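Chemist: Take this structure, written in structure tokens, and hold onto it; I'll ask about it next.
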Amino acid sequence: MADGRITVRKAQASDVAVLKQVLQDTFEGTWLPHITHSSAQRYVETDIGGRYVEQNWPEFTVAEIDSEIAGLIHWRGDFIEAVHVSASHQGQGVGGRLLTHAERAIAAAGFSQVRLETDTFNERAQNVYKAVGYVEKDRYPDDEWDSGFTTVLFEKRLAAVPGEV
């Protein structure tokens with residue numbers, strides 16, 4: 001496991017191209033096999049992932065292994081908007097490290113819980129979240145992909161974390 005080699009830092013403008021590639025990677029490996037053709041076409045034609053990175057990268061935190069961006073996390077308030085790990089770095093502790101970092105920051109901001117979502121088909125993500133203490137709280141129709149998915153809402157209670165974030 002690479003956990004000891006993982007460095008976590010705020011995203012920089014010079015990271016934008018690589019961050020777009022990480023989202024493209026996870027789109028192709030995680031979402032594309034499950035979404036409808038029309039949803040895939042819309043994602044590509046409107047560059048949903050690229051626009052998301054361009055609009056939000058200043059709020060991203062990235063994980064690096066050997067100076068290479070391995071993943072990213074983005075949260076607002078107590079809600080984790082996105083966690084993406086490049087295919088070549090999955091299974092190396094990157095997602096867990098990013099989640100731990102975000103949870104500490106969220107707790108330090110005074111929140112008592114952290115929430116995030118995934119879809120029912122994304123069992124790998126669900127297993128990661130459950131393994132680090134997230135509990136399923138709700139299920140509802142996914143309105144983002146227009147592919148008939150069900151979204152799963154997870155929550156984790158946080159202890160107050162004094163000190164550095």
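Following the order of the structure tokens, chains are lettered A, B, ..., residues in each are numbered from 1, and ligands are numbered from 1.
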Where in chain A does DSSP assign strand (DSSP E or B), given as a VMD selection string?
Modeler: chain A and resid 6 to 10 60 to 65 68 to 76 79 to 85 113 to 119 135 to 141 150 to 157
Chemist: So that I can check the surroundings of Ile73 in chain A, please list as an MDAnalysis selection string every protein, DNA and RNA residue that reaches within 8 Å of it, counting only C-alpha atoms and ignoring chain neighbours fewer than 5 positions away.
Modeler: chainID A and resid 60:62 80:84 98:99 102
Chemist: Would you put the residues from that selection into a file with C-alpha atoms, as a short mmCIF file (atom, residue, chain, number, x, y, z; two decimals), in the first residue's frame?
Modeler:
data_model
loop_
_atom_site.label_atom_id
_atom_site.label_comp_id
_atom_site.auth_asym_id
_atom_site.auth_seq_id
_atom_site.Cartn_x
_atom_site.Cartn_y
_atom_site.Cartn_z
CA PHE A 60 -10.02 20.96 -4.68
CA THR A 61 -7.51 19.07 -2.59
CA VAL A 62 -5.27 16.64 -4.44
CA ILE A 80 -18.24 15.87 -0.23
CA GLU A 81 -19.08 16.85 -3.79
CA ALA A 82 -16.53 14.62 -5.51
CA VAL A 83 -13.84 12.02 -4.85
CA HIS A 84 -11.92 10.75 -7.86
CA LEU A 98 -8.38 12.09 0.77
CA LEU A 99 -11.49 11.23 2.78
CA ALA A 102 -11.62 16.17 4.16
#
Chemist: I'd like the neighbourhood of range 143-155 of chain A as a list in words, where a residue qualifies if any of its atoms comes within 7 Å (using only C-alpha atoms), though same-chain residues fewer than 2 positions away should be ignored.
Modeler: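 My list of contacting residues is Ile35, Thr36, Ser39, Gln113, Val114, Arg115, Leu116, Glu117, Thr118, Asp119, Thr120, Tyr134, Val135, Glu136, Lys137, Asp138, Arg139, Tyr140, Pro141 and Arg157 of chain A.
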Chemist: Mind dumping the selected residues with N, CA and C atoms as a PDB file, in the first residue's frame?
Modeler:
ATOM      1  N   ILE A  35     -23.979   4.200 -17.932  1.00  0.00           N
ATOM      2  CA  ILE A  35     -24.930   5.233 -18.334  1.00  0.00           C
ATOM      3  C   ILE A  35     -25.453   4.976 -19.741  1.00  0.00           C
ATOM      4  N   THR A  36     -26.566   5.629 -20.062  1.00  0.00           N
ATOM      5  CA  THR A  36     -27.139   5.491 -21.403  1.00  0.00           C
ATOM      6  C   THR A  36     -26.238   6.183 -22.422  1.00  0.00           C
ATOM      7  N   SER A  39     -26.736   9.922 -22.371  1.00  0.00           N
ATOM      8  CA  SER A  39     -26.078  10.584 -21.239  1.00  0.00           C
ATOM      9  C   SER A  39     -24.571  10.691 -21.472  1.00  0.00           C
ATOM     10  N   GLN A 113     -20.904  16.016  11.183  1.00  0.00           N
ATOM     11  CA  GLN A 113     -21.070  14.905  10.256  1.00  0.00           C
ATOM     12  C   GLN A 113     -20.493  15.285   8.906  1.00  0.00           C
ATOM     13  N   VAL A 114     -20.277  14.263   8.091  1.00  0.00           N
ATOM     14  CA  VAL A 114     -19.886  14.455   6.700  1.00  0.00           C
ATOM     15  C   VAL A 114     -20.809  13.568   5.875  1.00  0.00           C
ATOM     16  N   ARG A 115     -21.225  14.090   4.710  1.00  0.00           N
ATOM     17  CA  ARG A 115     -22.128  13.357   3.833  1.00  0.00           C
ATOM     18  C   ARG A 115     -21.537  13.276   2.437  1.00  0.00           C
ATOM     19  N   LEU A 116     -21.919  12.237   1.714  1.00  0.00           N
ATOM     20  CA  LEU A 116     -21.529  12.081   0.317  1.00  0.00           C
ATOM     21  C   LEU A 116     -22.504  11.143  -0.358  1.00  0.00           C
ATOM     22  N   GLU A 117     -22.457  11.117  -1.692  1.00  0.00           N
ATOM     23  CA  GLU A 117     -23.357  10.273  -2.468  1.00  0.00           C
ATOM     24  C   GLU A 117     -22.576   9.442  -3.473  1.00  0.00           C
ATOM     25  N   THR A 118     -23.165   8.324  -3.839  1.00  0.00           N
ATOM     26  CA  THR A 118     -22.723   7.540  -4.982  1.00  0.00           C
ATOM     27  C   THR A 118     -23.960   6.835  -5.521  1.00  0.00           C
ATOM     28  N   ASP A 119     -23.806   6.113  -6.597  1.00  0.00           N
ATOM     29  CA  ASP A 119     -24.940   5.377  -7.145  1.00  0.00           C
ATOM     30  C   ASP A 119     -24.842   3.901  -6.795  1.00  0.00           C
ATOM     31  N   THR A 120     -25.978   3.212  -6.841  1.00  0.00           N
ATOM     32  CA  THR A 120     -26.024   1.818  -6.406  1.00  0.00           C
ATOM     33  C   THR A 120     -25.079   0.928  -7.211  1.00  0.00           C
ATOM     34  N   TYR A 134     -18.641   5.093   6.989  1.00  0.00           N
ATOM     35  CA  TYR A 134     -19.849   5.734   6.475  1.00  0.00           C
ATOM     36  C   TYR A 134     -21.023   4.766   6.576  1.00  0.00           C
ATOM     37  N   VAL A 135     -22.198   5.328   6.821  1.00  0.00           N
ATOM     38  CA  VAL A 135     -23.416   4.547   6.974  1.00  0.00           C
ATOM     39  C   VAL A 135     -24.424   5.037   5.951  1.00  0.00           C
ATOM     40  N   GLU A 136     -25.091   4.109   5.289  1.00  0.00           N
ATOM     41  CA  GLU A 136     -26.124   4.488   4.334  1.00  0.00           C
ATOM     42  C   GLU A 136     -27.289   5.129   5.068  1.00  0.00           C
ATOM     43  N   LYS A 137     -27.732   6.290   4.572  1.00  0.00           N
ATOM     44  CA  LYS A 137     -28.828   7.030   5.206  1.00  0.00           C
ATOM     45  C   LYS A 137     -30.077   7.131   4.342  1.00  0.00           C
ATOM     46  N   ASP A 138     -29.923   7.077   3.018  1.00  0.00           N
ATOM     47  CA  ASP A 138     -31.088   7.255   2.163  1.00  0.00           C
ATOM     48  C   ASP A 138     -30.762   6.772   0.755  1.00  0.00           C
ATOM     49  N   ARG A 139     -31.821   6.526  -0.013  1.00  0.00           N
ATOM     50  CA  ARG A 139     -31.730   6.210  -1.441  1.00  0.00           C
ATOM     51  C   ARG A 139     -32.815   7.012  -2.141  1.00  0.00           C
ATOM     52  N   TYR A 140     -32.473   7.534  -3.328  1.00  0.00           N
ATOM     53  CA  TYR A 140     -33.436   8.315  -4.101  1.00  0.00           C
ATOM     54  C   TYR A 140     -33.025   8.309  -5.565  1.00  0.00           C
ATOM     55  N   PRO A 141     -33.947   8.657  -6.450  1.00  0.00           N
ATOM     56  CA  PRO A 141     -33.617   8.640  -7.879  1.00  0.00           C
ATOM     57  C   PRO A 141     -32.472   9.605  -8.198  1.00  0.00           C
ATOM     58  N   ARG A 157     -20.542  10.272  11.218  1.00  0.00           N
ATOM     59  CA  ARG A 157     -20.464  11.177  12.368  1.00  0.00           C
ATOM     60  C   ARG A 157     -19.001  11.493  12.614  1.00  0.00           C
TER      61      ARG A 157
END
Chemist: Quick one: of A:Val94, A:Lys20, A:Val85, A:Glu64, who's nearest to Tyr52 in chain A, counting only C-alpha atoms?
Modeler: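 Nearest to Tyr52 in chain A: A:Lys20.
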Chemist: Assign secondary structure with DSSP using the backbone only, and return the residues of range 41-115 of chain A in alpha helix (DSSP H) as JSON, numbers by chain.
Modeler: {"A": [41, 42, 43, 44, 45, 46, 48, 49, 50, 51, 52, 53, 54, 55, 56, 94, 95, 96, 97, 98, 99, 100, 101, 102, 103, 104, 105, 106, 107, 108]}
Chemist: Which residue gives the smallest distance to Gln126 in chain A among A:Gly110, A:Gly49, A:Gly77, A:Gly95, with only C-alpha atoms counted?
Modeler: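 Once distances to Gln126 in chain A are computed over only C-alpha atoms, the minimum belongs to A:Gly95.
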Chemist: Please, what distance in Å, to one decimal, runs between CA of Tyr43 in chain A and CA of Val18 in chain A?
Modeler: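 Those two atoms sit 18.2 Å apart.
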Chemist: Between A:Lys10, A:His89, A:Arg42, A:His34, which residue has the minimum interatomic distance to Val22 in chain A, considering only C-alpha atoms?
Modeler: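 Closest candidate: A:His89.
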Chemist: Using only C-alpha atoms, can you tell me which of A:Leu72, A:Gln92, A:Lys156, A:Asn122 comes closest to Ile106 in chain A?
Modeler: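 With only C-alpha atoms as the atom set, the closest residue is A:Lys156.
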Chemist: Leaving out Gln90 in chain A and any residue of its chain fewer than 2 positions from it, which residues lie within 12 Å of it when counting only C-alpha atoms, given as a list in words?
Modeler: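 Result of the neighbour search: Met1, Ala2, Asp3, Val22, Asp25, Thr26, Gly29, Thr30, Ala63, Ile65, Ala70, Gly71, Val83, His84, Val85, Ser86, Ala87, Ser88, Gln92, Gly93, Val94, Gly95, Gly96, Arg97, Arg124, Ala125 and Val128 of chain A.
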Chemist: Here is a test: counting only C-alpha atoms, which residue of A:Leu158, A:Val44, A:Leu32, A:Ile69 is nearest to Ser14 in chain A?
Modeler: A:Ile69
Chemist: Distance CA of Asp66 in chain A-CA of Arg5 in chain A, one decimal place?
Modeler: 7.0 Å
